[in-house]
>>> print(open('run.cif').read())   # mmCIF, C-alpha atoms
data_protein
loop_
_atom_site.label_atom_id
_atom_site.label_comp_id
_atom_site.auth_asym_id
_atom_site.auth_seq_id
_atom_site.Cartn_x
_atom_site.Cartn_y
_atom_site.Cartn_z
CA MET A 1 9.22 -32.69 20.51
CA PRO A 2 8.86 -28.97 21.22
CA ASP A 3 7.95 -26.70 18.33
CA SER A 4 10.93 -25.62 16.26
CA ILE A 5 11.75 -21.92 15.85
CA TYR A 6 10.45 -22.20 12.29
CA ASP A 7 7.12 -23.58 13.54
CA LEU A 8 6.77 -20.82 16.13
CA TRP A 9 7.68 -18.16 13.56
CA HIS A 10 5.17 -19.70 11.15
CA ALA A 11 2.38 -19.65 13.73
CA ALA A 12 3.06 -16.01 14.65
CA VAL A 13 3.11 -14.83 11.04
CA THR A 14 -0.05 -16.80 10.23
CA ASP A 15 -1.87 -15.31 13.25
CA HIS A 16 -0.67 -11.77 12.33
CA ARG A 17 1.34 -11.46 15.55
CA PRO A 18 4.46 -9.25 15.26
CA VAL A 19 7.72 -11.16 15.83
CA ALA A 20 11.44 -10.60 15.37
CA LEU A 21 13.91 -13.33 14.41
CA ALA A 22 17.54 -12.71 15.35
CA THR A 23 20.18 -14.85 13.58
CA VAL A 24 23.95 -14.82 14.10
CA VAL A 25 25.26 -14.37 10.55
CA GLU A 26 28.95 -13.98 11.34
CA GLY A 27 31.17 -14.94 14.28
CA PRO A 28 30.89 -17.68 16.92
CA GLY A 29 27.59 -19.57 16.80
CA THR A 30 26.77 -18.58 13.22
CA GLY A 31 23.22 -19.68 12.46
CA SER A 32 21.95 -19.68 16.06
CA LYS A 33 18.64 -17.92 16.54
CA VAL A 34 16.28 -16.23 18.97
CA LEU A 35 12.63 -15.52 18.23
CA VAL A 36 10.92 -12.77 20.19
CA GLY A 37 7.45 -11.25 19.98
CA ASP A 38 4.89 -9.19 21.83
CA GLY A 39 3.85 -11.02 24.93
CA ILE A 40 5.71 -14.27 24.27
CA GLU A 41 8.74 -15.70 26.03
CA PRO A 42 11.84 -15.50 23.80
CA VAL A 43 12.71 -18.86 22.25
CA GLY A 44 16.23 -20.03 21.41
CA THR A 45 19.66 -18.65 22.25
CA LEU A 46 22.58 -17.03 20.48
CA GLY A 47 24.94 -18.97 22.72
CA ASN A 48 25.62 -16.43 25.45
CA PRO A 49 23.12 -15.10 28.03
CA ASP A 50 24.55 -11.56 27.96
CA LEU A 51 24.47 -11.46 24.18
CA ASP A 52 20.89 -12.80 24.26
CA ARG A 53 19.81 -10.05 26.65
CA VAL A 54 21.27 -7.22 24.55
CA VAL A 55 20.00 -8.63 21.25
CA LEU A 56 16.51 -9.15 22.69
CA ARG A 57 16.45 -5.53 23.77
CA ASP A 58 17.51 -4.41 20.28
CA ALA A 59 15.04 -6.80 18.64
CA VAL A 60 12.18 -5.27 20.60
CA GLY A 61 13.35 -1.87 19.34
CA GLU A 62 13.48 -3.05 15.72
CA LEU A 63 10.05 -4.60 16.15
CA ALA A 64 8.58 -1.32 17.36
CA ALA A 65 10.18 0.55 14.45
CA GLY A 66 9.28 -2.16 11.92
CA THR A 67 12.86 -2.28 10.62
CA SER A 68 15.29 -5.12 9.87
CA GLY A 69 19.07 -5.01 9.78
CA VAL A 70 22.46 -6.27 10.93
CA ARG A 71 23.91 -5.22 14.28
CA HIS A 72 27.37 -5.91 15.64
CA TYR A 73 28.32 -6.93 19.18
CA GLY A 74 31.13 -8.35 21.28
CA ALA A 75 30.90 -12.02 22.21
CA HIS A 76 29.04 -11.03 25.41
CA GLY A 77 26.89 -8.39 23.77
CA GLU A 78 29.34 -5.53 24.20
CA ALA A 79 28.61 -2.41 22.19
CA ARG A 80 31.20 -0.98 19.78
CA GLU A 81 32.67 -4.43 19.09
CA ASP A 82 32.11 -6.62 16.08
CA THR A 83 32.94 -10.20 17.04
CA VAL A 84 29.36 -11.22 16.35
CA SER A 85 27.05 -9.95 13.59
CA VAL A 86 23.35 -10.51 14.17
CA PHE A 87 20.64 -10.07 11.57
CA ILE A 88 17.45 -8.94 13.27
CA GLU A 89 14.50 -9.42 10.96
CA THR A 90 11.07 -8.19 11.96
CA PHE A 91 7.78 -9.53 10.71
CA ALA A 92 4.99 -7.03 11.13
CA PRO A 93 1.36 -7.97 10.58
CA PRO A 94 -0.02 -6.59 7.30
CA PRO A 95 -1.23 -2.99 7.46
CA HIS A 96 -4.98 -2.53 7.52
CA MET A 97 -7.02 -0.61 4.96
CA LEU A 98 -10.57 0.30 5.86
CA ILE A 99 -12.70 1.28 2.86
CA PHE A 100 -16.03 2.95 3.54
CA GLY A 101 -18.60 2.75 0.77
CA ALA A 102 -19.33 -0.35 -1.30
CA VAL A 103 -19.11 1.05 -4.84
CA ASP A 104 -17.29 0.10 -8.06
CA PHE A 105 -14.28 2.17 -6.99
CA THR A 106 -14.18 0.06 -3.86
CA ALA A 107 -13.87 -3.19 -5.80
CA ALA A 108 -10.88 -1.82 -7.72
CA LEU A 109 -9.29 -0.37 -4.59
CA VAL A 110 -9.65 -3.72 -2.79
CA ARG A 111 -7.72 -5.41 -5.61
CA VAL A 112 -4.89 -2.86 -5.70
CA ALA A 113 -4.69 -2.77 -1.89
CA LYS A 114 -4.32 -6.56 -1.81
CA VAL A 115 -1.41 -6.28 -4.27
CA MET A 116 0.12 -3.76 -1.87
CA GLY A 117 -0.16 -6.24 1.00
CA TYR A 118 -3.02 -4.72 2.97
CA ARG A 119 -5.58 -6.57 5.02
CA VAL A 120 -8.73 -4.97 3.62
CA THR A 121 -12.07 -4.29 5.26
CA VAL A 122 -15.02 -2.95 3.26
CA CYS A 123 -17.74 -1.30 5.32
CA ASP A 124 -21.08 0.09 4.16
CA ALA A 125 -24.39 0.51 6.01
CA ARG A 126 -26.38 -0.82 3.04
CA GLU A 127 -26.54 -4.59 3.24
CA VAL A 128 -27.48 -5.10 -0.42
CA PHE A 129 -24.16 -3.51 -1.45
CA ALA A 130 -21.81 -4.69 1.30
CA THR A 131 -21.59 -8.35 0.32
CA LYS A 132 -18.65 -10.73 0.17
CA LYS A 133 -19.82 -11.68 -3.33
CA ARG A 134 -19.20 -8.16 -4.64
CA PHE A 135 -15.79 -7.92 -2.95
CA PRO A 136 -14.39 -11.45 -3.05
CA GLN A 137 -10.83 -10.26 -2.39
CA ALA A 138 -11.71 -8.27 0.73
CA ASP A 139 -10.63 -9.92 3.95
CA GLU A 140 -13.76 -8.68 5.66
CA VAL A 141 -17.04 -7.10 4.54
CA VAL A 142 -18.97 -5.33 7.28
CA VAL A 143 -22.54 -4.00 7.21
CA ASP A 144 -22.53 -1.03 9.56
CA TRP A 145 -22.40 2.73 9.66
CA PRO A 146 -18.74 3.70 9.09
CA HIS A 147 -18.46 5.80 12.26
CA ARG A 148 -19.98 3.02 14.34
CA HIS A 149 -17.52 0.51 12.89
CA LEU A 150 -14.66 2.92 13.62
CA ALA A 151 -15.83 3.27 17.21
CA GLY A 152 -15.09 -0.44 17.57
CA VAL A 153 -11.85 -0.85 15.64
CA GLY A 154 -10.40 2.68 15.61
CA GLY A 155 -8.10 1.96 18.56
CA SER A 156 -6.26 -0.68 16.54
CA LEU A 157 -5.36 1.71 13.70
CA GLY A 158 -1.79 3.01 13.52
CA PRO A 159 0.60 4.90 11.25
CA ARG A 160 0.85 2.09 8.68
CA ASP A 161 -2.92 1.81 8.27
CA ALA A 162 -5.29 3.65 5.93
CA VAL A 163 -8.91 4.80 5.92
CA CYS A 164 -10.42 5.53 2.50
CA VAL A 165 -13.86 7.12 2.46
CA LEU A 166 -15.58 6.43 -0.86
CA THR A 167 -19.21 6.76 0.24
CA HIS A 168 -19.96 9.95 -1.75
CA ASP A 169 -22.65 10.73 0.79
CA HIS A 170 -22.23 13.39 3.49
CA LYS A 171 -24.60 11.54 5.79
CA PHE A 172 -22.04 8.70 6.00
CA ASP A 173 -18.71 10.36 5.27
CA VAL A 174 -18.88 13.34 7.64
CA PRO A 175 -19.24 11.16 10.79
CA ALA A 176 -16.74 8.67 9.33
CA ILE A 177 -14.06 11.35 8.82
CA LYS A 178 -14.78 12.76 12.25
CA ALA A 179 -14.30 9.33 13.82
CA ALA A 180 -11.18 8.59 11.76
CA LEU A 181 -9.56 11.83 12.93
CA ASP A 182 -9.87 10.51 16.49
CA THR A 183 -7.64 7.52 15.58
CA GLN A 184 -3.89 7.25 14.97
CA VAL A 185 -4.46 6.13 11.37
CA GLY A 186 -1.59 7.16 9.10
CA TYR A 187 -3.59 7.92 5.97
CA LEU A 188 -7.08 9.35 5.66
CA GLY A 189 -8.60 10.17 2.27
CA ALA A 190 -12.09 10.95 1.01
CA MET A 191 -13.46 10.79 -2.51
CA GLY A 192 -15.60 13.40 -4.18
CA SER A 193 -15.70 16.16 -6.76
CA ARG A 194 -14.13 19.46 -5.80
CA ARG A 195 -17.61 20.78 -5.04
CA THR A 196 -18.47 17.76 -2.87
CA CYS A 197 -15.19 18.14 -1.01
CA ALA A 198 -15.78 21.86 -0.39
CA GLU A 199 -19.29 21.16 0.92
CA ARG A 200 -17.97 18.39 3.11
CA LEU A 201 -15.42 20.75 4.67
CA GLU A 202 -18.27 23.16 5.52
CA ARG A 203 -20.22 20.36 7.15
CA LEU A 204 -17.21 19.18 9.11
CA GLU A 205 -16.62 22.72 10.36
CA ALA A 206 -20.31 23.14 11.24
CA ASP A 207 -20.03 19.87 13.14
CA GLY A 208 -17.30 21.38 15.31
CA VAL A 209 -14.44 19.31 13.91
CA ASP A 210 -10.92 20.66 14.46
CA MET A 211 -10.25 22.11 10.99
CA GLU A 212 -6.50 22.26 11.59
CA ALA A 213 -6.49 18.47 11.97
CA VAL A 214 -8.64 18.17 8.85
CA ARG A 215 -6.22 20.29 6.81
CA ALA A 216 -3.23 18.36 8.15
CA ARG A 217 -4.61 14.84 7.73
CA LEU A 218 -7.50 14.62 5.27
CA HIS A 219 -6.60 13.94 1.63
CA ALA A 220 -9.63 15.11 -0.34
CA PRO A 221 -10.21 14.74 -3.21
CA ILE A 222 -8.48 11.44 -2.57
CA GLY A 223 -5.49 10.34 -4.66
CA LEU A 224 -2.56 11.67 -6.65
CA ASP A 225 -3.31 13.94 -9.59
CA LEU A 226 -2.70 11.31 -12.29
CA GLY A 227 -5.63 12.28 -14.49
CA GLY A 228 -6.97 8.72 -14.59
CA ARG A 229 -10.66 7.99 -14.84
CA THR A 230 -11.53 4.34 -14.40
CA PRO A 231 -12.04 2.73 -10.98
CA GLU A 232 -8.75 0.86 -11.48
CA GLU A 233 -6.81 4.02 -12.38
CA THR A 234 -8.37 5.79 -9.40
CA ALA A 235 -7.36 2.92 -7.13
CA VAL A 236 -3.76 3.25 -8.33
CA ALA A 237 -3.87 7.03 -7.71
CA ILE A 238 -5.10 6.39 -4.14
CA CYS A 239 -2.46 3.78 -3.33
CA ALA A 240 0.23 5.96 -4.92
CA GLU A 241 -0.84 8.83 -2.66
CA ILE A 242 -0.58 6.56 0.37
CA ILE A 243 3.03 5.77 -0.57
CA ALA A 244 3.84 9.43 -1.21
CA ALA A 245 2.24 10.44 2.11
CA ARG A 246 4.45 7.93 3.92
CA THR A 247 7.71 8.79 2.18
CA GLY A 248 7.11 12.54 2.01
CA ARG A 249 8.22 12.64 -1.63
CA PRO A 250 6.94 15.54 -3.70
CA SER A 251 4.05 14.20 -5.78
CA ALA A 252 1.06 16.32 -6.73
CA SER A 253 -2.03 15.24 -4.83
CA LEU A 254 -5.52 16.24 -5.97
CA SER A 255 -5.93 17.82 -2.54
CA THR A 256 -3.07 20.24 -3.25
CA THR A 257 -3.98 21.09 -6.86
CA ASP A 258 -7.10 22.85 -8.10
CA GLY A 259 -7.63 21.79 -11.72
CA ALA A 260 -10.12 19.30 -13.14
CA ILE A 261 -9.92 15.89 -11.47
CA HIS A 262 -10.08 13.96 -14.78
CA MET B 1 10.49 -15.11 4.19
CA LYS B 2 6.75 -14.65 4.70
CA GLU B 3 6.23 -14.51 0.95
CA ILE B 4 7.72 -17.96 0.40
CA MET B 5 6.15 -19.62 3.45
CA ASN B 6 3.78 -21.77 1.37
CA ASP B 7 6.64 -23.17 -0.69
CA LEU B 8 8.71 -23.82 2.45
CA ASP B 9 5.77 -25.66 4.01
CA ARG B 10 5.21 -27.78 0.93
CA TRP B 11 8.89 -28.73 0.64
CA ARG B 12 9.17 -29.55 4.32
CA ALA B 13 6.03 -31.68 4.14
CA GLN B 14 7.57 -33.56 1.21
CA GLY B 15 10.72 -34.15 3.24
CA ARG B 16 12.91 -32.19 0.83
CA ARG B 17 15.98 -30.43 2.13
CA VAL B 18 15.89 -26.65 1.70
CA ALA B 19 18.44 -23.82 1.80
CA ILE B 20 17.25 -20.30 2.46
CA ALA B 21 19.02 -17.09 1.40
CA ARG B 22 18.05 -13.81 3.05
CA VAL B 23 19.17 -10.29 2.20
CA VAL B 24 20.68 -9.01 5.46
CA ASP B 25 22.30 -5.79 4.27
CA ILE B 26 22.53 -3.62 1.18
CA GLU B 27 24.91 -0.86 0.17
CA GLY B 28 24.07 1.67 -2.48
CA SER B 29 21.21 0.95 -4.79
CA GLY B 30 19.94 -2.50 -3.86
CA PRO B 31 16.70 -3.61 -5.46
CA ARG B 32 15.35 -5.49 -2.45
CA LEU B 33 15.38 -4.58 1.24
CA PRO B 34 16.83 -6.65 4.09
CA GLY B 35 14.48 -9.56 4.68
CA ALA B 36 13.91 -10.38 1.01
CA ALA B 37 14.30 -14.14 0.80
CA MET B 38 14.76 -16.91 -1.68
CA ALA B 39 14.73 -20.64 -1.02
CA VAL B 40 16.17 -23.50 -3.01
CA ALA B 41 15.08 -27.12 -2.62
CA ASP B 42 17.56 -29.97 -3.02
CA ASP B 43 16.30 -30.69 -6.54
CA GLY B 44 16.92 -27.08 -7.59
CA GLU B 45 13.34 -25.79 -7.38
CA VAL B 46 13.35 -22.10 -6.42
CA ALA B 47 10.94 -19.80 -4.57
CA GLY B 48 11.21 -16.06 -3.99
CA SER B 49 13.95 -13.64 -5.01
CA VAL B 50 16.69 -11.53 -3.44
CA SER B 51 17.42 -9.00 -6.19
CA GLY B 52 15.94 -7.76 -9.41
CA GLY B 53 16.99 -11.03 -10.98
CA CYS B 54 20.72 -10.28 -11.33
CA VAL B 55 22.15 -12.73 -8.80
CA GLU B 56 19.49 -15.42 -8.42
CA GLY B 57 21.36 -17.84 -10.68
CA ALA B 58 24.50 -17.60 -8.58
CA VAL B 59 22.47 -17.94 -5.36
CA VAL B 60 21.08 -21.29 -6.56
CA GLY B 61 24.64 -22.57 -6.92
CA GLU B 62 25.61 -21.32 -3.46
CA ALA B 63 22.45 -22.77 -1.93
CA LEU B 64 22.96 -26.23 -3.46
CA ASP B 65 26.56 -26.17 -2.25
CA ILE B 66 25.35 -25.34 1.25
CA LEU B 67 22.87 -28.24 1.15
CA THR B 68 25.83 -30.52 0.38
CA THR B 69 28.24 -29.15 2.97
CA GLY B 70 25.75 -28.11 5.68
CA ASP B 71 27.62 -24.81 5.86
CA ARG B 72 26.09 -21.43 6.77
CA ARG B 73 27.65 -18.29 5.41
CA LEU B 74 27.45 -14.67 4.38
CA VAL B 75 27.80 -14.17 0.65
CA THR B 76 28.31 -10.79 -0.97
CA PHE B 77 27.37 -9.79 -4.49
CA GLY B 78 28.34 -6.52 -6.08
CA TYR B 79 31.14 -4.40 -7.42
CA SER B 80 33.10 -3.81 -4.23
CA ASP B 81 33.51 -7.52 -3.96
CA ASP B 82 36.03 -10.34 -4.27
CA GLU B 83 36.57 -11.58 -7.79
CA ALA B 84 35.32 -14.95 -6.62
CA PHE B 85 31.80 -13.64 -6.10
CA ALA B 86 31.91 -10.94 -8.75
CA VAL B 87 28.44 -11.51 -10.09
CA GLY B 88 27.46 -7.93 -10.78
CA LEU B 89 24.27 -6.21 -9.79
CA THR B 90 23.19 -4.10 -12.74
CA CYS B 91 22.24 -1.29 -10.35
CA GLY B 92 25.81 -1.04 -9.08
CA GLY B 93 24.87 -1.75 -5.47
CA THR B 94 26.14 -4.46 -3.15
CA ILE B 95 24.00 -7.01 -1.35
CA HIS B 96 24.96 -9.25 1.54
CA LEU B 97 23.08 -12.52 1.80
CA PHE B 98 23.04 -15.05 4.59
CA ILE B 99 22.52 -18.54 3.23
CA GLU B 100 21.80 -21.54 5.45
CA PRO B 101 19.95 -24.85 5.49
CA LEU B 102 16.38 -24.62 6.78
CA ASP B 103 17.02 -27.04 9.65
CA TRP B 104 15.77 -24.92 12.55
#
>>> encode(input="run.cif", output="structure tokens")
Amino acid sequence: MPDSIYDLWHAAVTDHRPVALATVVEGPGTGSKVLVGDGIEPVGTLGNPDLDRVVLRDAVGELAAGTSGVRHYGAHGEAREDTVSVFIETFAPPPHMLIFGAVDFTAALVRVAKVMGYRVTVCDAREVFATKKRFPQADEVVVDWPHRHLAGVGGSLGPRDAVCVLTHDHKFDVPAIKAALDTQVGYLGAMGSRRTCAERLERLEADGVDMEAVRARLHAPIGLDLGGRTPEETAVAICAEIIAARTGRPSASLSTTDGAIH
Amino acid sequence: MKEIMNDLDRWRAQGRRVAIARVVDIEGSGPRLPGAAMAVADDGEVAGSVSGGCVEGAVVGEALDILTTGDRRLVTFGYSDDEAFAVGLTCGGTIHLFIEPLDW
């Protein structure tokens, strides 16, 4: 027996492959489904080849945008008709958070990021610190220089992903920020006192980094200005800033205020 | 639906019949986005949620009915709604659910 649509959906979601599931929710053929994904042949039918073609096109669009919703069509996929209502639901792979620096703040950030649904990688060049034992909830713990790791995986980072630099060491974080700016990552933040952050900016400039890009993209000191102190509170401030950066809501970030961090 | 995948797998492996309710559309202030899903097994066990908790009880009834009849249908909860389904959302929004047996 061929795999059912549920089985194919299950396999795609488990393998972190993006897929869209289109279901007729009203009109002829209610309940019929088509599953479509990157690089796979569509499976199933909504009962009419013209309707299938139009819905597949729209599903690919929803998949790219990461949105889900109901669309209305004529029985043959005509626009501006509403004989058939189709719910197109997209399943995107989890966003990726890369955390550089294997410190106590990292352990807390891993936990909060997992709650938020991220796939989390911890990366630190020091093998005594970057261990799976210290970060049991991380999906991946990598021993490498941050910028070298980014050279390998940077191309996979997109607008939903995040890079958090918690190394507290210019020798690691300057090249890491430089490399992260060369990716399409949606959120880039770096930890440090106001003095550390000011020094880091000088080093980035001396290193020839485009300072306009730094000002536009780097959140440093990292996090919203919540006044928290513990690693856990800091982790919440970081994840809250990631949400605010995505939604564009007015929330005071430490990088836009100038008072004491704690 | 992703969030309740483990429960769906377990129920299917046990040969239990399952109805699944998915939020397909919201109007006004809906607590959950399209795609939020809840499943009900034939013995009434529940996984997931489709609102802030306001309509889940009514969804169980709908889902068990659908497991009996084999029907698939859109169900609307909210103020702008038929009296028949007038289970209110405390937020004042309206949610449209599609409920069907998991037989695909």
>>> atom_distance(input="run.cif", atom1="CA of Ile95 in chain B", atom2="CA of Ile26 in chain B")
4.5 Å
>>> interface_residues(input="run.cif", of="chain A", to="chain B", cutoff="7 Å", atoms="all atoms listed in the file", output="PDB file with C-alpha atoms, in the frame of the given file")
ATOM      1  CA  SER A   4      10.930 -25.620  16.260  1.00  0.00           C
ATOM      2  CA  ILE A   5      11.750 -21.920  15.850  1.00  0.00           C
ATOM      3  CA  TYR A   6      10.450 -22.200  12.290  1.00  0.00           C
ATOM      4  CA  VAL A  25      25.260 -14.370  10.550  1.00  0.00           C
ATOM      5  CA  GLY A  31      23.220 -19.680  12.460  1.00  0.00           C
ATOM      6  CA  SER A  68      15.290  -5.120   9.870  1.00  0.00           C
ATOM      7  CA  GLY A  69      19.070  -5.010   9.780  1.00  0.00           C
ATOM      8  CA  VAL A  70      22.460  -6.270  10.930  1.00  0.00           C
ATOM      9  CA  PHE A  87      20.640 -10.070  11.570  1.00  0.00           C
ATOM     10  CA  GLU A  89      14.500  -9.420  10.960  1.00  0.00           C
TER      11      GLU A  89
END
>>> atom_distance(input="run.cif", atom1="CA of Asp124 in chain A", atom2="CA of Leu150 in chain A")
11.8 Å
>>> closest_atom_pairs(input="run.cif", of="range 27-83 of chain A", to="range 8-16 of chain A", cutoff="12 Å", atoms="all atoms listed in the file", output="tab-separated table")
residue	atom	partner	partner_atom	distance
A:Lys33	CA	A:Trp9	CA	11.4
A:Val34	CA	A:Trp9	CA	10.3
A:Leu35	CA	A:Trp9	CA	7.3
A:Val36	CA	A:Trp9	CA	9.1
A:Gly37	CA	A:Ala12	CA	8.4
A:Asp38	CA	A:Ala12	CA	10.1
A:Gly39	CA	A:Ala12	CA	11.5
A:Ile40	CA	A:Ala12	CA	10.1
A:Glu41	CA	A:Leu8	CA	11.3
A:Pro42	CA	A:Leu8	CA	10.6
A:Val43	CA	A:Leu8	CA	8.8
A:Gly44	CA	A:Leu8	CA	10.9
>>> residues_around(input="run.cif", residues="Ser156 in chain A", least_positions_apart="5", cutoff="10 Å", atoms="all atoms listed in the file", output="list in words")
His96, Leu150, Asp161, Thr183, Gln184 and Val185 of chain A
>>> write_last_selection(input="run.cif", atoms="C-alpha atoms", output="compact mmCIF listing (two decimals), keeping the file's coordinate frame")
# COMPACT_ATOMS: atom_id res chain seq x y z
CA HIS A 96 -4.98 -2.53 7.52
CA LEU A 150 -14.66 2.92 13.62
CA ASP A 161 -2.92 1.81 8.27
CA THR A 183 -7.64 7.52 15.58
CA GLN A 184 -3.89 7.25 14.97
CA VAL A 185 -4.46 6.13 11.37
>>> residues_around(input="run.cif", residues="range 58-63 of chain A", least_positions_apart="5", cutoff="7 Å", atoms="all atoms listed in the file", output="number ranges by chain")
A: 19-20, 68, 88, 90
>>> resolve_selection(input="run.cif", expression="the PyMOL selection byres ((chain A and resi 106-116) around 8)", output="PyMOL selection string")
chain A and resi 97+99+101-105+117-120+122+134-135+137-138+166+231-232+234-236+238-239
>>> write_last_selection(input="run.cif", atoms="C-alpha atoms", output="PDB file, keeping the file's coordinate frame")
ATOM      1  CA  MET A  97      -7.020  -0.610   4.960  1.00  0.00           C
ATOM      2  CA  ILE A  99     -12.700   1.280   2.860  1.00  0.00           C
ATOM      3  CA  GLY A 101     -18.600   2.750   0.770  1.00  0.00           C
ATOM      4  CA  ALA A 102     -19.330  -0.350  -1.300  1.00  0.00           C
ATOM      5  CA  VAL A 103     -19.110   1.050  -4.840  1.00  0.00           C
ATOM      6  CA  ASP A 104     -17.290   0.100  -8.060  1.00  0.00           C
ATOM      7  CA  PHE A 105     -14.280   2.170  -6.990  1.00  0.00           C
ATOM      8  CA  GLY A 117      -0.160  -6.240   1.000  1.00  0.00           C
ATOM      9  CA  TYR A 118      -3.020  -4.720   2.970  1.00  0.00           C
ATOM     10  CA  ARG A 119      -5.580  -6.570   5.020  1.00  0.00           C
ATOM     11  CA  VAL A 120      -8.730  -4.970   3.620  1.00  0.00           C
ATOM     12  CA  VAL A 122     -15.020  -2.950   3.260  1.00  0.00           C
ATOM     13  CA  ARG A 134     -19.200  -8.160  -4.640  1.00  0.00           C
ATOM     14  CA  PHE A 135     -15.790  -7.920  -2.950  1.00  0.00           C
ATOM     15  CA  GLN A 137     -10.830 -10.260  -2.390  1.00  0.00           C
ATOM     16  CA  ALA A 138     -11.710  -8.270   0.730  1.00  0.00           C
ATOM     17  CA  LEU A 166     -15.580   6.430  -0.860  1.00  0.00           C
ATOM     18  CA  PRO A 231     -12.040   2.730 -10.980  1.00  0.00           C
ATOM     19  CA  GLU A 232      -8.750   0.860 -11.480  1.00  0.00           C
ATOM     20  CA  THR A 234      -8.370   5.790  -9.400  1.00  0.00           C
ATOM     21  CA  ALA A 235      -7.360   2.920  -7.130  1.00  0.00           C
ATOM     22  CA  VAL A 236      -3.760   3.250  -8.330  1.00  0.00           C
ATOM     23  CA  ILE A 238      -5.100   6.390  -4.140  1.00  0.00           C
ATOM     24  CA  CYS A 239      -2.460   3.780  -3.330  1.00  0.00           C
TER      25      CYS A 239
END
>>> resolve_selection(input="run.cif", expression="the PyMOL selection byres ((chain B and resi 67) around 8)", output="ChimeraX atom specification")
/B:17-19,42,63-66,68-71,101
>>> atom_distance(input="run.cif", atom1="CA of Ala244 in chain A", atom2="CA of Ser193 in chain A")
21.4 Å
>>> resolve_selection(input="run.cif", expression="the PyMOL selection byres ((chain A and resi 186) around 12)", output="PyMOL selection string")
chain A and resi 95-98+154+156-164+180-185+187-189+216-219+241-247
>>> closest_atom_pairs(input="run.cif", of="range 113-215 of chain A", to="range 253-256 of chain A", cutoff="12 Å", atoms="all atoms listed in the file", output="Markdown table")
| residue | atom | partner | partner_atom | distance |
| --- | --- | --- | --- | --- |
| A:Leu188 | CA | A:Ser255 | CA | 11.8 |
| A:Gly189 | CA | A:Ser255 | CA | 9.4 |
| A:Ala190 | CA | A:Ser255 | CA | 9.9 |
| A:Met191 | CA | A:Leu254 | CA | 10.2 |
| A:Gly192 | CA | A:Leu254 | CA | 10.6 |
| A:Ser193 | CA | A:Leu254 | CA | 10.2 |
| A:Arg194 | CA | A:Ser255 | CA | 9.0 |
| A:Cys197 | CA | A:Ser255 | CA | 9.4 |
| A:Ala198 | CA | A:Ser255 | CA | 10.9 |
| A:Val214 | CA | A:Ser255 | CA | 11.7 |
| A:Arg215 | CA | A:Ser255 | CA | 9.7 |
